[in-house]
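For reference, start27.pdb is printed below; it contains PDB, C-alpha atoms and all ligand atoms.
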ATOM      1  CA  MET M  76      15.120  -6.755  -1.675  1.00  0.00           C
ATOM      2  CA  LEU M  77      12.701  -4.675   0.395  1.00  0.00           C
ATOM      3  CA  ARG M  78      14.635  -1.804   1.941  1.00  0.00           C
ATOM      4  CA  ARG M  79      11.725   0.589   2.251  1.00  0.00           C
ATOM      5  CA  ILE M  80       7.990  -0.042   2.092  1.00  0.00           C
ATOM      6  CA  CYS M  81       5.259   2.465   1.400  1.00  0.00           C
ATOM      7  CA  VAL M  82       2.335   1.962   3.768  1.00  0.00           C
ATOM      8  CA  PHE M  83      -1.127   3.164   2.738  1.00  0.00           C
ATOM      9  CA  CYS M  84      -3.773   3.205   5.446  1.00  0.00           C
ATOM     10  CA  GLY M  85      -6.840   4.874   6.825  1.00  0.00           C
ATOM     11  CA  SER M  86      -6.999   8.313   8.351  1.00  0.00           C
ATOM     12  CA  ASN M  87      -9.409   6.716  10.862  1.00  0.00           C
ATOM     13  CA  GLY M  88      -8.698   3.948  13.350  1.00  0.00           C
ATOM     14  CA  GLY M  89     -11.690   1.714  12.592  1.00  0.00           C
ATOM     15  CA  VAL M  90     -14.310   0.429  15.002  1.00  0.00           C
ATOM     16  CA  ARG M  91     -12.491  -2.696  16.175  1.00  0.00           C
ATOM     17  CA  PRO M  92      -9.279  -2.573  18.249  1.00  0.00           C
ATOM     18  CA  VAL M  93      -7.783  -5.272  16.002  1.00  0.00           C
ATOM     19  CA  TYR M  94      -7.143  -2.683  13.258  1.00  0.00           C
ATOM     20  CA  GLU M  95      -5.080  -0.469  15.526  1.00  0.00           C
ATOM     21  CA  GLU M  96      -3.218  -3.497  16.917  1.00  0.00           C
ATOM     22  CA  ALA M  97      -2.357  -4.603  13.378  1.00  0.00           C
ATOM     23  CA  ALA M  98      -1.150  -1.124  12.425  1.00  0.00           C
ATOM     24  CA  ARG M  99       1.160  -1.040  15.443  1.00  0.00           C
ATOM     25  CA  GLY M 100       2.273  -4.610  14.733  1.00  0.00           C
ATOM     26  CA  LEU M 101       3.189  -3.762  11.149  1.00  0.00           C
ATOM     27  CA  GLY M 102       5.176  -0.683  12.206  1.00  0.00           C
ATOM     28  CA  GLN M 103       7.077  -2.703  14.774  1.00  0.00           C
ATOM     29  CA  LEU M 104       7.730  -5.635  12.434  1.00  0.00           C
ATOM     30  CA  LEU M 105       9.099  -3.401   9.680  1.00  0.00           C
ATOM     31  CA  ALA M 106      11.400  -1.662  12.159  1.00  0.00           C
ATOM     32  CA  GLU M 107      12.634  -5.012  13.515  1.00  0.00           C
ATOM     33  CA  ARG M 108      13.350  -6.201   9.967  1.00  0.00           C
ATOM     34  CA  ARG M 109      15.240  -2.953   9.304  1.00  0.00           C
ATOM     35  CA  ILE M 110      12.777  -2.065   6.555  1.00  0.00           C
ATOM     36  CA  GLY M 111      12.152   1.678   6.359  1.00  0.00           C
ATOM     37  CA  ILE M 112       8.650   3.101   6.009  1.00  0.00           C
ATOM     38  CA  VAL M 113       7.397   5.810   3.722  1.00  0.00           C
ATOM     39  CA  TYR M 114       3.834   6.973   4.271  1.00  0.00           C
ATOM     40  CA  GLY M 115       1.518   9.969   4.102  1.00  0.00           C
ATOM     41  CA  GLY M 116       3.183  11.758   7.013  1.00  0.00           C
ATOM     42  CA  ALA M 117       0.076  12.228   9.150  1.00  0.00           C
ATOM     43  CA  LYS M 118      -0.475  11.783  12.861  1.00  0.00           C
ATOM     44  CA  VAL M 119      -4.142  10.782  12.500  1.00  0.00           C
ATOM     45  CA  GLY M 120      -5.716   7.310  12.308  1.00  0.00           C
ATOM     46  CA  LEU M 121      -3.860   4.111  11.482  1.00  0.00           C
ATOM     47  CA  MET M 122      -1.262   6.241   9.689  1.00  0.00           C
ATOM     48  CA  GLY M 123       0.000   7.743  12.940  1.00  0.00           C
ATOM     49  CA  LEU M 124      -0.020   4.388  14.740  1.00  0.00           C
ATOM     50  CA  VAL M 125       2.166   2.678  12.128  1.00  0.00           C
ATOM     51  CA  ALA M 126       4.661   5.528  12.312  1.00  0.00           C
ATOM     52  CA  ASP M 127       4.702   5.696  16.133  1.00  0.00           C
ATOM     53  CA  ALA M 128       5.212   1.946  16.519  1.00  0.00           C
ATOM     54  CA  ALA M 129       8.050   1.892  13.979  1.00  0.00           C
ATOM     55  CA  LEU M 130       9.779   4.878  15.569  1.00  0.00           C
ATOM     56  CA  ALA M 131       9.436   3.345  19.054  1.00  0.00           C
ATOM     57  CA  ALA M 132      11.168   0.202  17.745  1.00  0.00           C
ATOM     58  CA  GLY M 133      14.041   2.240  16.262  1.00  0.00           C
ATOM     59  CA  GLY M 134      12.754   2.248  12.686  1.00  0.00           C
ATOM     60  CA  GLU M 135      13.205   4.844   9.965  1.00  0.00           C
ATOM     61  CA  VAL M 136      10.019   6.621   8.897  1.00  0.00           C
ATOM     62  CA  THR M 137       9.687   9.123   6.078  1.00  0.00           C
ATOM     63  CA  GLY M 138       6.483  11.129   5.683  1.00  0.00           C
ATOM     64  CA  ILE M 139       5.352  12.821   2.467  1.00  0.00           C
ATOM     65  CA  ILE M 140       2.504  15.238   3.018  1.00  0.00           C
ATOM     66  CA  PRO M 141       0.858  17.813   0.781  1.00  0.00           C
ATOM     67  CA  ARG M 142       0.790  21.360   2.192  1.00  0.00           C
ATOM     68  CA  MET M 143      -3.038  21.364   2.202  1.00  0.00           C
ATOM     69  CA  LEU M 144      -3.059  18.416   4.642  1.00  0.00           C
ATOM     70  CA  VAL M 145      -0.339  19.556   7.061  1.00  0.00           C
ATOM     71  CA  GLU M 146      -2.916  21.017   9.456  1.00  0.00           C
ATOM     72  CA  ARG M 147      -5.949  18.920   8.560  1.00  0.00           C
ATOM     73  CA  GLU M 148      -4.211  15.572   9.086  1.00  0.00           C
ATOM     74  CA  ILE M 149      -1.687  16.970  11.609  1.00  0.00           C
ATOM     75  CA  ALA M 150       1.751  16.349  10.111  1.00  0.00           C
ATOM     76  CA  HIS M 151       3.674  13.970  12.386  1.00  0.00           C
ATOM     77  CA  PRO M 152       6.312  16.030  14.218  1.00  0.00           C
ATOM     78  CA  GLY M 153       8.641  13.179  15.218  1.00  0.00           C
ATOM     79  CA  LEU M 154       9.469  11.408  11.941  1.00  0.00           C
ATOM     80  CA  THR M 155      12.967  10.599  10.715  1.00  0.00           C
ATOM     81  CA  SER M 156      12.166  12.956   7.843  1.00  0.00           C
ATOM     82  CA  LEU M 157       9.082  14.805   6.623  1.00  0.00           C
ATOM     83  CA  GLU M 158       8.735  16.212   3.109  1.00  0.00           C
ATOM     84  CA  VAL M 159       6.019  18.754   2.370  1.00  0.00           C
ATOM     85  CA  VAL M 160       4.924  18.622  -1.281  1.00  0.00           C
ATOM     86  CA  GLU M 161       2.444  20.733  -3.237  1.00  0.00           C
ATOM     87  CA  THR M 162      -0.094  18.218  -4.548  1.00  0.00           C
ATOM     88  CA  MET M 163      -1.646  14.794  -3.814  1.00  0.00           C
ATOM     89  CA  THR M 164      -0.207  13.541  -7.108  1.00  0.00           C
ATOM     90  CA  GLU M 165       3.291  14.673  -6.206  1.00  0.00           C
ATOM     91  CA  ARG M 166       2.914  12.878  -2.866  1.00  0.00           C
ATOM     92  CA  LYS M 167       1.914   9.621  -4.508  1.00  0.00           C
ATOM     93  CA  LEU M 168       4.760   9.754  -7.023  1.00  0.00           C
ATOM     94  CA  ARG M 169       7.334  10.560  -4.339  1.00  0.00           C
ATOM     95  CA  MET M 170       6.114   7.774  -2.026  1.00  0.00           C
ATOM     96  CA  ALA M 171       6.210   5.279  -4.890  1.00  0.00           C
ATOM     97  CA  ASP M 172       9.696   6.374  -5.988  1.00  0.00           C
ATOM     98  CA  LEU M 173      11.126   5.972  -2.487  1.00  0.00           C
ATOM     99  CA  ALA M 174       9.602   2.535  -1.834  1.00  0.00           C
ATOM    100  CA  ASP M 175      10.489  -0.982  -2.970  1.00  0.00           C
ATOM    101  CA  GLY M 176       6.924  -2.193  -2.385  1.00  0.00           C
ATOM    102  CA  PHE M 177       3.509  -1.199  -1.020  1.00  0.00           C
ATOM    103  CA  ILE M 178       1.358  -2.457   1.845  1.00  0.00           C
ATOM    104  CA  SER M 179      -2.229  -1.321   2.374  1.00  0.00           C
ATOM    105  CA  LEU M 180      -3.796  -1.593   5.799  1.00  0.00           C
ATOM    106  CA  PRO M 181      -7.539  -1.097   6.254  1.00  0.00           C
ATOM    107  CA  GLY M 182      -8.689   2.275   4.985  1.00  0.00           C
ATOM    108  CA  ALA M 183     -11.299   3.862   2.771  1.00  0.00           C
ATOM    109  CA  LEU M 184     -11.371   6.071  -0.326  1.00  0.00           C
ATOM    110  CA  GLY M 185      -7.883   7.541   0.081  1.00  0.00           C
ATOM    111  CA  THR M 186      -6.306   4.145   0.749  1.00  0.00           C
ATOM    112  CA  LEU M 187      -8.161   2.495  -2.147  1.00  0.00           C
ATOM    113  CA  ASP M 188      -7.160   5.324  -4.463  1.00  0.00           C
ATOM    114  CA  GLU M 189      -3.505   4.788  -3.568  1.00  0.00           C
ATOM    115  CA  LEU M 190      -3.675   0.984  -3.708  1.00  0.00           C
ATOM    116  CA  PHE M 191      -5.318   0.965  -7.133  1.00  0.00           C
ATOM    117  CA  GLU M 192      -3.169   3.708  -8.557  1.00  0.00           C
ATOM    118  CA  VAL M 193       0.037   1.749  -7.899  1.00  0.00           C
ATOM    119  CA  ALA M 194      -1.684  -1.457  -9.106  1.00  0.00           C
ATOM    120  CA  THR M 195      -2.602   0.205 -12.389  1.00  0.00           C
ATOM    121  CA  TRP M 196       0.946   1.502 -12.770  1.00  0.00           C
ATOM    122  CA  ALA M 197       2.119  -2.111 -12.340  1.00  0.00           C
ATOM    123  CA  GLN M 198      -0.483  -3.341 -14.833  1.00  0.00           C
ATOM    124  CA  LEU M 199       0.830  -0.879 -17.409  1.00  0.00           C
ATOM    125  CA  GLY M 200       4.420  -1.914 -16.713  1.00  0.00           C
ATOM    126  CA  LEU M 201       5.268   1.480 -15.192  1.00  0.00           C
ATOM    127  CA  GLN M 202       6.524   0.068 -11.892  1.00  0.00           C
ATOM    128  CA  PRO M 203       7.557  -3.504 -10.996  1.00  0.00           C
ATOM    129  CA  LYS M 204       7.103  -3.327  -7.216  1.00  0.00           C
ATOM    130  CA  PRO M 205       5.034  -5.754  -5.099  1.00  0.00           C
ATOM    131  CA  ASN M 206       1.684  -4.502  -3.814  1.00  0.00           C
ATOM    132  CA  GLY M 207       0.148  -6.259  -0.801  1.00  0.00           C
ATOM    133  CA  LEU M 208      -3.053  -5.984   1.212  1.00  0.00           C
ATOM    134  CA  LEU M 209      -2.802  -6.668   4.926  1.00  0.00           C
ATOM    135  CA  ASN M 210      -6.221  -8.248   5.231  1.00  0.00           C
ATOM    136  CA  ILE M 211      -6.873  -7.704   8.918  1.00  0.00           C
ATOM    137  CA  ALA M 212      -9.960  -9.463  10.314  1.00  0.00           C
ATOM    138  CA  GLY M 213     -11.220 -10.078   6.776  1.00  0.00           C
ATOM    139  CA  TYR M 214     -11.549  -6.322   6.144  1.00  0.00           C
ATOM    140  CA  TYR M 215     -10.646  -6.726   2.465  1.00  0.00           C
ATOM    141  CA  ASP M 216     -12.443 -10.057   1.822  1.00  0.00           C
ATOM    142  CA  ALA M 217     -15.210  -8.389  -0.193  1.00  0.00           C
ATOM    143  CA  LEU M 218     -12.675  -6.451  -2.273  1.00  0.00           C
ATOM    144  CA  LEU M 219     -10.652  -9.600  -3.022  1.00  0.00           C
ATOM    145  CA  GLU M 220     -13.866 -11.422  -3.981  1.00  0.00           C
ATOM    146  CA  PHE M 221     -14.747  -8.557  -6.280  1.00  0.00           C
ATOM    147  CA  LEU M 222     -11.322  -8.748  -7.962  1.00  0.00           C
ATOM    148  CA  ASP M 223     -11.852 -12.494  -8.504  1.00  0.00           C
ATOM    149  CA  HIS M 224     -15.264 -11.661  -9.969  1.00  0.00           C
ATOM    150  CA  ALA M 225     -13.679  -9.049 -12.276  1.00  0.00           C
ATOM    151  CA  ALA M 226     -11.164 -11.678 -13.425  1.00  0.00           C
ATOM    152  CA  GLY M 227     -13.921 -14.294 -13.870  1.00  0.00           C
ATOM    153  CA  GLU M 228     -15.879 -11.823 -16.003  1.00  0.00           C
ATOM    154  CA  HIS M 229     -12.748 -11.130 -18.117  1.00  0.00           C
ATOM    155  CA  PHE M 230     -12.436  -7.481 -17.189  1.00  0.00           C
ATOM    156  CA  LEU M 231      -9.238  -8.175 -15.254  1.00  0.00           C
ATOM    157  CA  ARG M 232      -6.592 -10.388 -16.802  1.00  0.00           C
ATOM    158  CA  PRO M 233      -5.528 -13.340 -14.604  1.00  0.00           C
ATOM    159  CA  GLN M 234      -1.905 -12.158 -14.558  1.00  0.00           C
ATOM    160  CA  HIS M 235      -3.063  -8.711 -13.445  1.00  0.00           C
ATOM    161  CA  ARG M 236      -5.218 -10.202 -10.695  1.00  0.00           C
ATOM    162  CA  LYS M 237      -1.965 -11.631  -9.296  1.00  0.00           C
ATOM    163  CA  LEU M 238      -0.527  -8.134  -8.951  1.00  0.00           C
ATOM    164  CA  ILE M 239      -2.490  -7.641  -5.709  1.00  0.00           C
ATOM    165  CA  LEU M 240      -1.079  -9.895  -3.002  1.00  0.00           C
ATOM    166  CA  ALA M 241      -2.925 -10.439   0.285  1.00  0.00           C
ATOM    167  CA  SER M 242      -2.509 -12.045   3.677  1.00  0.00           C
ATOM    168  CA  PRO M 243      -3.953 -11.579   7.167  1.00  0.00           C
ATOM    169  CA  ASP M 244      -0.428 -11.885   8.568  1.00  0.00           C
ATOM    170  CA  ALA M 245       2.243  -9.208   8.088  1.00  0.00           C
ATOM    171  CA  GLY M 246       5.159 -11.681   8.129  1.00  0.00           C
ATOM    172  CA  GLN M 247       3.510 -13.866   5.486  1.00  0.00           C
ATOM    173  CA  LEU M 248       2.667 -10.841   3.370  1.00  0.00           C
ATOM    174  CA  LEU M 249       6.314  -9.713   3.467  1.00  0.00           C
ATOM    175  CA  ALA M 250       7.400 -13.217   2.393  1.00  0.00           C
ATOM    176  CA  GLN M 251       4.990 -13.076  -0.577  1.00  0.00           C
ATOM    177  CA  MET M 252       6.273  -9.643  -1.481  1.00  0.00           C
ATOM    178  CA  GLU M 253       9.902 -10.733  -1.295  1.00  0.00           C
ATOM    179  CA  SER M 254       9.304 -13.577  -3.741  1.00  0.00           C
ATOM    180  CA  PHE M 255       7.078 -11.503  -6.059  1.00  0.00           C
ATOM    181  CA  ARG M 256       8.251 -11.295  -9.658  1.00  0.00           C
ATOM    182  CA  MET M 257       6.486  -9.102 -12.162  1.00  0.00           C
ATOM    183  CA  PRO M 258       5.147 -11.236 -15.025  1.00  0.00           C
ATOM    184  CA  ALA M 259       7.253 -10.980 -18.166  1.00  0.00           C
ATOM    185  CA  GLU M 260       5.799  -8.448 -20.574  1.00  0.00           C
ATOM    186  CA  SER M 261       5.108 -11.146 -23.146  1.00  0.00           C
ATOM    187  CA  GLU M 262       2.646 -12.795 -20.753  1.00  0.00           C
ATOM    188  CA  TRP M 263       0.753  -9.624 -20.119  1.00  0.00           C
ATOM    189  CA  PHE M 264      -1.471  -9.398 -23.102  1.00  0.00           C
ATOM    190  CA  SER M 265      -2.046 -13.085 -23.736  1.00  0.00           C
ATOM    191  CA  TYR M 266      -5.627 -13.705 -22.761  1.00  0.00           C
ATOM    192  CA  SER M 267      -6.831 -17.283 -22.762  1.00  0.00           C
ATOM    193  CA  ARG M 268     -10.517 -18.049 -22.507  1.00  0.00           C
ATOM    194  CA  PRO M 269     -11.554 -21.021 -20.315  1.00  0.00           C
TER     195      PRO M 269
HETATM  196  P1  LIG O   1      -8.849   7.084   3.859  1.00  0.00           P
HETATM  197  O1  LIG O   1      -8.450   5.694   3.489  1.00  0.00           O
HETATM  198  O2  LIG O   1     -10.013   7.594   3.025  1.00  0.00           O
HETATM  199  O3  LIG O   1      -9.017   7.292   5.323  1.00  0.00           O
HETATM  200  O4  LIG O   1      -7.644   8.007   3.394  1.00  0.00           O
HETATM  201  C1  LIG O   1      -6.380   7.768   3.878  1.00  0.00           C
HETATM  202  C2  LIG O   1      -5.479   8.866   3.414  1.00  0.00           C
HETATM  203  O5  LIG O   1      -5.181   8.703   2.041  1.00  0.00           O
HETATM  204  C3  LIG O   1      -6.058  10.266   3.466  1.00  0.00           C
HETATM  205  O6  LIG O   1      -6.007  10.793   4.733  1.00  0.00           O
HETATM  206  C4  LIG O   1      -5.149  11.011   2.498  1.00  0.00           C
HETATM  207  O7  LIG O   1      -3.979  11.459   3.136  1.00  0.00           O
HETATM  208  C5  LIG O   1      -4.758   9.947   1.516  1.00  0.00           C
HETATM  209  N1  LIG O   1      -5.287  10.081   0.157  1.00  0.00           N
HETATM  210  C6  LIG O   1      -4.603   9.811  -0.946  1.00  0.00           C
HETATM  211  N2  LIG O   1      -5.328   9.984  -2.055  1.00  0.00           N
HETATM  212  C7  LIG O   1      -6.544  10.390  -1.639  1.00  0.00           C
HETATM  213  C8  LIG O   1      -7.758  10.735  -2.308  1.00  0.00           C
HETATM  214  N3  LIG O   1      -7.859  10.693  -3.649  1.00  0.00           N
HETATM  215  N4  LIG O   1      -8.822  11.074  -1.553  1.00  0.00           N
HETATM  216  C9  LIG O   1      -8.725  11.104  -0.195  1.00  0.00           C
HETATM  217  N5  LIG O   1      -7.608  10.799   0.478  1.00  0.00           N
HETATM  218  C10 LIG O   1      -6.527  10.457  -0.228  1.00  0.00           C
END
Is it possible to express this structure as structure tokens?
Ligand code: AMP
Amino acid sequence: MLRRICVFCGSNGGVRPVYEEAARGLGQLLAERRIGIVYGGAKVGLMGLVADAALAAGGEVTGIIPRMLVEREIAHPGLTSLEVVETMTERKLRMADLADGFISLPGALGTLDELFEVATWAQLGLQPKPNGLLNIAGYYDALLEFLDHAAGEHFLRPQHRKLILASPDAGQLLAQMESFRMPAESEWFSYSRP
């Protein structure tokens, strides 16, 4: 049951309008589904657009922002609630604790850091929550191909490759996330060669 989703996304808006449209679309869809949002708490980039769209549609949005970023990323003043924490690590832990799943929109180093951190927690069995990429306009195609390559080269176990869900459509991604089940622990370390 997805009651609250953590959204990771870029602090920039991207060059093509489609990224901003998708960010607004996701915020609105989550609000319409009565799924709360937890995110980095900023007003900048796609982050601010997701929050604004959700709030405009009556959604609940919680921001978690480290003190050092309150001015740099302009903490969003109109959120349902905003928590100021001391470190980036504390922020990530708090966002993950509050959420039932994670969605990454297009972004760069910060977004990838967050996406892979929660994926590695899942891989280690530290959190069982679904982790999805909203693959707008093929933005993450190269990353998904790389993950397939890592699995093909036996650096990433096939069952761990499945921990990162992806879809170009927010509704379909939510459906995948709702039916996601963490592989049983016994399957985790069985590695079969082709
Ligand atoms: P980016 O995807 O690089 O635009 O970053 C998106 C947001 O992720 C940043 O604005 C930060 O709030 C956040 N973030 C989380 N972890 C990191 C990190 N290790 N480096 C940079 N940004 C980070």
Just need the box for ligand LIG 1 (chain O), edges along x, y and z, holding every atom the file lists for it with 3 Å tacked onto each side, so centre and edge lengths in Å to one decimal, as JSON.
{"center_x": -7.0, "center_y": 8.6, "center_z": 0.8, "size_x": 12.0, "size_y": 11.8, "size_z": 15.0}
Decode the PyMOL selection byres (((chain M and resi 127-132) around 7) and not hetatm) for the given file into explicit residues and return them as a PyMOL selection string.
-> chain M and resi 99+102-103+105-107+123-126+133-136
Got a sec: who's within 10 Å of Met76 (chain M), counting only C-alpha atoms, leaving out chain neighbours fewer than 5 positions off, as a list in words?
->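 Surrounding residues, per the criterion: Ile110, Asp175, Gly176, Met252, Glu253 and Ser254 of chain M.
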Nearest to ligand LIG 1 (chain O): which of M:Ser179, M:Gln251, M:Thr137, M:Gln202 is it, counting only C-alpha atoms and all ligand atoms?
-> M:Ser179
Which residues form the shell of 12 Å around ligand LIG 1 (chain O) when you count only C-alpha atoms and all ligand atoms, given as a short mmCIF file (atom, residue, chain, number, x, y, z; two decimals) with C-alpha atoms, in the frame of the given file?
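The result, stored in out-v2.cif:
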data_model
loop_
_atom_site.label_atom_id
_atom_site.label_comp_id
_atom_site.auth_asym_id
_atom_site.auth_seq_id
_atom_site.Cartn_x
_atom_site.Cartn_y
_atom_site.Cartn_z
CA VAL M 82 2.34 1.96 3.77
CA PHE M 83 -1.13 3.16 2.74
CA CYS M 84 -3.77 3.20 5.45
CA GLY M 85 -6.84 4.87 6.82
CA SER M 86 -7.00 8.31 8.35
CA ASN M 87 -9.41 6.72 10.86
CA GLY M 88 -8.70 3.95 13.35
CA GLY M 89 -11.69 1.71 12.59
CA TYR M 114 3.83 6.97 4.27
CA GLY M 115 1.52 9.97 4.10
CA GLY M 116 3.18 11.76 7.01
CA ALA M 117 0.08 12.23 9.15
CA LYS M 118 -0.48 11.78 12.86
CA VAL M 119 -4.14 10.78 12.50
CA GLY M 120 -5.72 7.31 12.31
CA LEU M 121 -3.86 4.11 11.48
CA MET M 122 -1.26 6.24 9.69
CA GLY M 123 0.00 7.74 12.94
CA GLY M 138 6.48 11.13 5.68
CA ILE M 139 5.35 12.82 2.47
CA ILE M 140 2.50 15.24 3.02
CA PRO M 141 0.86 17.81 0.78
CA ARG M 142 0.79 21.36 2.19
CA MET M 143 -3.04 21.36 2.20
CA LEU M 144 -3.06 18.42 4.64
CA VAL M 145 -0.34 19.56 7.06
CA GLU M 146 -2.92 21.02 9.46
CA ARG M 147 -5.95 18.92 8.56
CA GLU M 148 -4.21 15.57 9.09
CA ILE M 149 -1.69 16.97 11.61
CA ALA M 150 1.75 16.35 10.11
CA THR M 162 -0.09 18.22 -4.55
CA MET M 163 -1.65 14.79 -3.81
CA THR M 164 -0.21 13.54 -7.11
CA GLU M 165 3.29 14.67 -6.21
CA ARG M 166 2.91 12.88 -2.87
CA LYS M 167 1.91 9.62 -4.51
CA LEU M 168 4.76 9.75 -7.02
CA MET M 170 6.11 7.77 -2.03
CA SER M 179 -2.23 -1.32 2.37
CA LEU M 180 -3.80 -1.59 5.80
CA PRO M 181 -7.54 -1.10 6.25
CA GLY M 182 -8.69 2.28 4.99
CA ALA M 183 -11.30 3.86 2.77
CA LEU M 184 -11.37 6.07 -0.33
CA GLY M 185 -7.88 7.54 0.08
CA THR M 186 -6.31 4.14 0.75
CA LEU M 187 -8.16 2.50 -2.15
CA ASP M 188 -7.16 5.32 -4.46
CA GLU M 189 -3.50 4.79 -3.57
CA LEU M 190 -3.68 0.98 -3.71
CA PHE M 191 -5.32 0.96 -7.13
CA GLU M 192 -3.17 3.71 -8.56
CA VAL M 193 0.04 1.75 -7.90
#
Between CA of Arg256 (chain M) and CA of Lys237 (chain M), distance in Å (one decimal) |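 Going from CA of Arg256 (chain M) over to CA of Lys237 (chain M) covers 10.2 Å.
In this model, the gap between CA of His229 (chain M) and CA of Gln198 (chain M) comes to 14.9 Å.
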Using all atoms listed in the file, pick whichever of M:Ala245, M:Leu173, M:Pro258, M:Arg109 has the shortest atom-to-atom distance to Pro233 (chain M).
-> M:Pro258
What gap, in Å, lies between CA of His235 (chain M) and CA of Thr195 (chain M)?
->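 Computing it gives 9.0 Å between the two atoms.
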With all atoms listed in the file as the basis for distance, which of M:Phe177, M:Ala241, M:Ala197, M:Pro205 is at the shortest distance from Leu218 (chain M)?
->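 Nearest to Leu218 (chain M): M:Ala241.
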Return the single residue from M:Gln234, M:Ala194, M:Gly227, M:Leu77 that is closest to Ala259 (chain M), with distances computed using only C-alpha atoms.
->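 So, comparing all the options, the nearest one is M:Gln234.
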M:Glu96, M:Glu161, M:Gly246, M:Ala212: which is nearest Arg108 (chain M), counting all atoms listed in the file?
->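 For Arg108 (chain M), the nearest of the candidates is M:Gly246.
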Contacts of Leu248 (chain M) at 8 Å or less, counting all atoms listed in the file, minus same-chain residues fewer than 4 places along, as a list in words?
-> Gly207, Leu208, Leu209, Leu240, Ala241, Ser242, Pro243, Asp244 and Met252 of chain M
Between M:Val113, M:Ala98, M:Leu157, M:Val93, which one has atoms that come closest to Cys81 (chain M), using only C-alpha atoms?
->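 For Cys81 (chain M), the nearest of the candidates is M:Val113.
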